[in-house]
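This is final21.txt (compact mmCIF, C-alpha atoms).
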# COMPACT_ATOMS: atom_id res chain seq x y z
CA MET A 1 -2.67 44.67 -37.64
CA SER A 2 -6.10 43.05 -37.25
CA THR A 3 -4.96 40.83 -34.36
CA ARG A 4 -3.08 42.40 -31.48
CA ARG A 5 -0.16 40.21 -30.44
CA ILE A 6 2.51 40.30 -27.77
CA ILE A 7 5.53 38.08 -27.16
CA ILE A 8 6.36 36.86 -23.67
CA GLY A 9 9.84 35.48 -23.10
CA ILE A 10 10.77 33.76 -19.85
CA SER A 11 14.50 33.35 -19.28
CA GLY A 12 16.52 31.66 -16.55
CA ALA A 13 16.86 34.34 -13.88
CA THR A 14 15.18 33.83 -10.54
CA GLY A 15 11.60 35.07 -10.67
CA PHE A 16 9.78 32.66 -12.97
CA GLN A 17 6.62 33.94 -11.29
CA TYR A 18 6.97 37.26 -13.13
CA GLY A 19 6.50 35.51 -16.44
CA VAL A 20 3.56 33.50 -15.14
CA LYS A 21 1.92 36.65 -13.79
CA ALA A 22 2.28 38.35 -17.17
CA LEU A 23 0.53 35.42 -18.83
CA GLN A 24 -2.25 35.51 -16.24
CA MET A 25 -2.80 39.27 -16.61
CA LEU A 26 -2.91 39.09 -20.40
CA LYS A 27 -5.64 36.43 -20.28
CA SER A 28 -8.26 39.09 -19.54
CA LEU A 29 -7.28 41.17 -22.59
CA ASP A 30 -8.13 40.79 -26.24
CA ILE A 31 -4.58 40.02 -27.27
CA GLU A 32 -2.83 36.99 -28.76
CA VAL A 33 0.04 35.84 -26.53
CA HIS A 34 3.12 34.15 -28.00
CA LEU A 35 5.38 32.41 -25.49
CA VAL A 36 8.99 31.24 -25.61
CA ILE A 37 10.80 29.76 -22.60
CA SER A 38 14.54 29.27 -22.20
CA LYS A 39 16.18 26.12 -20.85
CA GLY A 40 17.31 27.98 -17.75
CA ALA A 41 13.73 29.10 -17.12
CA GLU A 42 12.57 25.50 -17.15
CA MET A 43 14.97 24.85 -14.29
CA THR A 44 13.82 27.85 -12.25
CA ARG A 45 10.20 26.81 -12.83
CA ARG A 46 10.92 23.50 -11.14
CA LEU A 47 12.93 25.08 -8.32
CA GLU A 48 10.73 28.08 -7.53
CA THR A 49 7.14 27.11 -8.33
CA ASP A 50 4.63 24.29 -8.24
CA TYR A 51 3.59 24.91 -11.86
CA SER A 52 3.98 22.06 -14.30
CA ARG A 53 5.28 22.85 -17.75
CA GLU A 54 1.83 22.10 -19.17
CA ASP A 55 0.22 24.54 -16.70
CA VAL A 56 2.38 27.37 -18.04
CA LEU A 57 2.07 26.52 -21.73
CA GLN A 58 -1.72 26.48 -21.48
CA MET A 59 -1.70 30.15 -20.46
CA ALA A 60 -0.43 31.23 -23.91
CA ASP A 61 -2.22 31.22 -27.24
CA VAL A 62 0.88 30.12 -29.17
CA VAL A 63 3.96 28.38 -27.74
CA HIS A 64 7.23 28.40 -29.71
CA PRO A 65 10.10 25.94 -29.15
CA LEU A 66 13.30 27.70 -28.15
CA GLU A 67 15.26 26.13 -31.03
CA ASN A 68 12.77 27.09 -33.77
CA LEU A 69 14.48 30.03 -35.44
CA GLY A 70 11.99 29.75 -38.29
CA ALA A 71 9.03 30.61 -36.04
CA SER A 72 6.69 33.50 -36.87
CA ILE A 73 8.11 35.70 -34.11
CA ALA A 74 11.57 35.40 -35.67
CA SER A 75 10.44 37.65 -38.54
CA GLY A 76 9.74 41.36 -38.53
CA SER A 77 6.91 40.83 -41.01
CA PHE A 78 4.97 39.18 -38.18
CA ILE A 79 3.59 42.28 -36.49
CA THR A 80 3.38 42.44 -32.70
CA LEU A 81 3.10 45.13 -30.04
CA GLY A 82 6.52 44.02 -28.87
CA MET A 83 8.08 41.69 -26.34
CA LEU A 84 8.30 41.41 -22.57
CA VAL A 85 11.09 39.24 -21.13
CA ALA A 86 10.10 38.38 -17.57
CA PRO A 87 12.38 37.67 -15.89
CA CYS A 88 15.43 38.57 -17.96
CA SER A 89 18.69 36.88 -16.97
CA MET A 90 22.04 38.61 -17.40
CA ARG A 91 22.93 35.99 -20.01
CA THR A 92 19.83 36.89 -22.04
CA LEU A 93 20.45 40.61 -21.52
CA GLY A 94 24.01 40.21 -22.83
CA ALA A 95 22.89 38.26 -25.88
CA ILE A 96 20.26 40.88 -26.74
CA ALA A 97 22.68 43.77 -26.14
CA HIS A 98 25.15 42.24 -28.61
CA ASN A 99 22.59 41.05 -31.18
CA LEU A 100 23.34 37.36 -30.62
CA SER A 101 20.31 35.56 -32.04
CA ASP A 102 21.39 32.17 -30.77
CA ASN A 103 17.90 30.99 -29.84
CA LEU A 104 14.33 32.06 -30.54
CA LEU A 105 14.02 34.18 -27.40
CA THR A 106 17.01 36.35 -28.25
CA ARG A 107 16.13 36.37 -31.95
CA ALA A 108 12.60 37.58 -31.24
CA ALA A 109 14.01 40.35 -29.04
CA ASP A 110 16.44 41.37 -31.77
CA VAL A 111 13.59 41.52 -34.29
CA VAL A 112 11.55 43.72 -31.95
CA LEU A 113 14.49 46.12 -31.64
CA LYS A 114 15.29 46.28 -35.34
CA ASP A 115 11.65 46.97 -36.20
CA ARG A 116 11.47 49.70 -33.55
CA ARG A 117 8.83 47.95 -31.45
CA ARG A 118 8.60 47.86 -27.68
CA LEU A 119 11.07 45.64 -25.82
CA VAL A 120 10.86 45.50 -22.03
CA LEU A 121 13.38 43.47 -20.04
CA MET A 122 12.59 42.69 -16.40
CA ALA A 123 16.26 42.27 -15.55
CA ARG A 124 16.83 40.22 -12.40
CA GLU A 125 20.26 40.42 -10.81
CA THR A 126 21.95 42.14 -7.89
CA PRO A 127 24.52 43.48 -7.32
CA LEU A 128 25.42 44.48 -10.86
CA ASN A 129 28.91 44.42 -12.31
CA LEU A 130 30.17 46.84 -14.95
CA GLY A 131 29.42 44.39 -17.76
CA HIS A 132 25.76 44.18 -16.69
CA LEU A 133 25.48 47.96 -16.61
CA ARG A 134 27.10 48.37 -20.00
CA ASN A 135 24.72 45.81 -21.50
CA MET A 136 21.78 47.71 -20.02
CA GLN A 137 23.12 50.89 -21.57
CA LEU A 138 23.47 49.22 -24.98
CA VAL A 139 19.91 47.90 -24.89
CA THR A 140 18.60 51.31 -23.82
CA GLU A 141 20.50 53.05 -26.63
CA MET A 142 18.89 50.62 -29.10
CA GLY A 143 15.43 51.56 -27.87
CA GLY A 144 14.75 48.83 -25.32
CA ILE A 145 13.56 49.44 -21.78
CA VAL A 146 15.37 47.85 -18.86
CA PHE A 147 12.77 47.34 -16.14
CA PRO A 148 14.13 45.75 -12.96
CA PRO A 149 11.15 44.49 -10.91
CA VAL A 150 11.76 46.77 -7.93
CA PRO A 151 8.92 46.48 -5.38
CA ALA A 152 6.66 49.53 -5.03
CA LEU A 153 5.78 49.74 -1.35
CA TYR A 154 3.53 52.81 -1.57
CA GLN A 155 0.65 50.49 -2.42
CA ARG A 156 1.14 48.73 0.94
CA PRO A 157 1.29 45.21 -0.50
CA LYS A 158 -0.06 42.50 1.76
CA THR A 159 1.23 39.47 -0.13
CA LEU A 160 4.07 38.45 -2.40
CA ASP A 161 1.51 38.20 -5.20
CA ASP A 162 0.64 41.89 -4.68
CA ILE A 163 4.30 42.82 -5.21
CA ILE A 164 4.70 40.64 -8.31
CA SER A 165 1.39 41.81 -9.79
CA HIS A 166 2.27 45.48 -9.43
CA SER A 167 5.70 45.09 -11.04
CA VAL A 168 4.35 43.08 -13.97
CA GLY A 169 1.38 45.40 -14.39
CA ARG A 170 3.68 48.42 -14.62
CA ALA A 171 5.81 46.61 -17.20
CA LEU A 172 2.71 45.81 -19.30
CA ASP A 173 1.65 49.46 -18.99
CA LEU A 174 4.58 50.27 -21.28
CA PHE A 175 2.80 48.47 -24.13
CA GLY A 176 -0.26 50.70 -23.78
CA LEU A 177 -2.37 47.89 -22.34
CA ASP A 178 -5.28 48.76 -20.06
CA LEU A 179 -5.08 46.73 -16.86
CA ASP A 180 -8.03 47.67 -14.67
CA ALA A 181 -6.81 45.66 -11.69
CA LEU A 182 -3.58 47.66 -11.32
CA PRO A 183 -3.76 50.13 -8.40
CA ARG A 184 -2.66 53.59 -9.53
CA TRP A 185 -1.30 56.53 -7.59
CA GLY A 186 -3.75 59.44 -7.52
CA GLU A 187 -6.61 57.25 -8.73
CA ASP A 188 -6.90 54.32 -6.34
CA ILE A 189 -4.26 54.93 -3.68
CA ALA A 190 -2.66 57.80 -1.78
CA PRO A 191 -0.78 57.88 1.50
CA ALA A 192 -2.48 58.76 4.76
CA GLY A 193 -2.47 62.49 5.40
CA ILE A 194 -2.26 63.57 1.76
CA THR A 195 -5.25 64.91 -0.12
CA GLY A 196 -5.47 66.01 -3.72
CA GLN A 197 -7.84 67.36 -6.32
CA ARG A 198 -8.36 67.24 -10.03
CA PRO A 199 -7.70 70.31 -12.22
CA GLY A 200 -10.70 72.64 -12.28
CA HIS A 201 -11.96 71.75 -8.80
CA HIS A 202 -12.16 74.70 -6.41
CA HIS A 203 -10.96 73.01 -3.26
CA ASP A 204 -7.75 73.66 -1.38
CA PRO A 205 -4.65 72.69 -3.39
CA LEU A 206 -2.63 69.56 -2.64
CA LYS A 207 -1.49 69.74 0.95
CA VAL A 208 0.13 67.62 3.60
CA ILE A 209 -1.68 67.41 6.93
CA SER A 210 0.75 67.08 9.83

Translate this file's structure into structure tokens.
Amino acid sequence: MSTRRIIIGISGATGFQYGVKALQMLKSLDIEVHLVISKGAEMTRRLETDYSREDVLQMADVVHPLENLGASIASGSFITLGMLVAPCSMRTLGAIAHNLSDNLLTRAADVVLKDRRRLVLMARETPLNLGHLRNMQLVTEMGGIVFPPVPALYQRPKTLDDIISHSVGRALDLFGLDLDALPRWGEDIAPAGITGQRPGHHHDPLKVIS
């Protein structure tokens, strides 16, 4: 694959900002971004953000209409690193879990699974019923990764953007992408009172200072 590509799907769960943040983070990388947005996501965009539709579309290299089942990303011969659905609604999760390619977003996800590429679903719902959990199990058994955007507080986030950025950055990590701006445990951050060392250094081992 001469051109590295990734698919970003934004579905109708709350958290449209997760999809936007993924697009923003990918801008700094040498990777071609293909975007598909569900009808429900268009509604959450209007409810939750000040972004216009044009603002969001301009962040991607290629934008695919939801109804275009003949798009490049609907075929396994179009090679990509995989697909991130951020956020992933329970409706979209269910369709993917049961191989229902009823629109381009779910079709692209199905293609990624059948070709054994990386599929990451930032599933947004709580509490979960048994049907949700079973769908998550099905997707996991097919090789997908269910990645609820649970806040990581060890980084001591100061803003909502810090929380969103860390969750999305960790999800993009799963595609082997190098995101320099993502704070990492043991490299950039550690809690007060804990010291550590790298292998081969002759200092005291990891210890907690009370």

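The list of residues with at least one atom within 7 Å of range 115-120 of chain A, based on all atoms listed in the file and without residues fewer than 2 positions apart in the same chain, reads Gly76, Leu81, Gly82, Met83, Leu84, Val85, Ala109, Val111, Val112, Leu113, Met122, Gly144, Ile145, Val146, Phe147 and Phe175 of chain A.
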
Could those residues be written to a file, using C-alpha atoms, as an mmCIF file, in the frame of the given file?
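File written: result-v4.cif
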data_model
loop_
_atom_site.group_PDB
_atom_site.id
_atom_site.type_symbol
_atom_site.label_atom_id
_atom_site.label_comp_id
_atom_site.auth_asym_id
_atom_site.auth_seq_id
_atom_site.Cartn_x
_atom_site.Cartn_y
_atom_site.Cartn_z
ATOM 1 C CA GLY A 76 9.740 41.360 -38.530
ATOM 2 C CA LEU A 81 3.100 45.130 -30.040
ATOM 3 C CA GLY A 82 6.520 44.020 -28.870
ATOM 4 C CA MET A 83 8.080 41.690 -26.340
ATOM 5 C CA LEU A 84 8.300 41.410 -22.570
ATOM 6 C CA VAL A 85 11.090 39.240 -21.130
ATOM 7 C CA ALA A 109 14.010 40.350 -29.040
ATOM 8 C CA VAL A 111 13.590 41.520 -34.290
ATOM 9 C CA VAL A 112 11.550 43.720 -31.950
ATOM 10 C CA LEU A 113 14.490 46.120 -31.640
ATOM 11 C CA MET A 122 12.590 42.690 -16.400
ATOM 12 C CA GLY A 144 14.750 48.830 -25.320
ATOM 13 C CA ILE A 145 13.560 49.440 -21.780
ATOM 14 C CA VAL A 146 15.370 47.850 -18.860
ATOM 15 C CA PHE A 147 12.770 47.340 -16.140
ATOM 16 C CA PHE A 175 2.800 48.470 -24.130
#

*Write out as a list of chain:residue names which residues come within 8 Å of Lys21 in chain A when counting only C-alpha atoms, dropping same-chain ones fewer than 2 positions away.*
A:Gln17, A:Tyr18, A:Gly19, A:Leu23, A:Gln24, A:Met25, A:Ile164, A:Ser165, A:Val168

*asked:* Taking all atoms listed in the file into account, name the residue in A:Asp55, A:Val139, A:Thr3, A:Val150 that is nearest to Ala95 in chain A.
replied: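 Closest residue, counting all atoms listed in the file: A:Val139.
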
*asked:* Distance cut-off 12 Å, centre (16.7, 40.8, -15.8) in file coordinates, counting only C-alpha atoms: which residues qualify? Return them as JSON, numbers by chain.
replied: {"A": [9, 10, 11, 12, 13, 14, 15, 16, 18, 19, 84, 85, 86, 87, 88, 89, 90, 91, 92, 93, 94, 96, 120, 121, 122, 123, 124, 125, 126, 127, 128, 132, 133, 135, 136, 139, 145, 146, 147, 148, 149, 150]}

*Within 6 Å of (4.9, 31.3, -23.6), all atoms listed in the file: residues as a count of residues only?*
7

_Minimum-distance residue to Gly70 in chain A, chosen among A:Arg156, A:Arg107, A:Arg46, A:Lys39 (using only C-alpha atoms)_ =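 Smallest separation from Gly70 in chain A among the options: A:Arg107.
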
*Please, what distance in Å, to one decimal, runs between CA of Asp161 in chain A and CA of Asp50 in chain A?*
14.6 Å

*Calculate how many Å separate CA of Leu160 in chain A from CA of Gly40 in chain A, rounding to one decimal.*
22.8 Å

*Which of these, A:Thr106, A:Thr44, A:Ser52, A:Thr80, has the shortest distance to Arg5 in chain A once you count only C-alpha atoms?*
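Nearest candidate to Arg5 in chain A out of A:Thr106, A:Thr44, A:Ser52, A:Thr80: A:Thr80.
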
*What is the CA of Leu47 in chain A-CA of Asp61 in chain A distance in Å, reported with one decimal?*
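Straight-line distance from CA of Leu47 in chain A to CA of Asp61 in chain A works out to 25.0 Å.
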
*Pick from A:His166, A:Lys114, A:Arg53, A:His98, whichever lies nearest to Ile37 in chain A using all atoms listed in the file*: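 Nearest candidate to Ile37 in chain A out of A:His166, A:Lys114, A:Arg53, A:His98: A:Arg53.
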
*Using all atoms listed in the file, which of the listed residues (A:Asp173, A:Gln58, A:Gln155, A:Leu69) sits closest to Gly186 in chain A?*
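Using all atoms listed in the file, the shortest distance to Gly186 in chain A belongs to A:Gln155.
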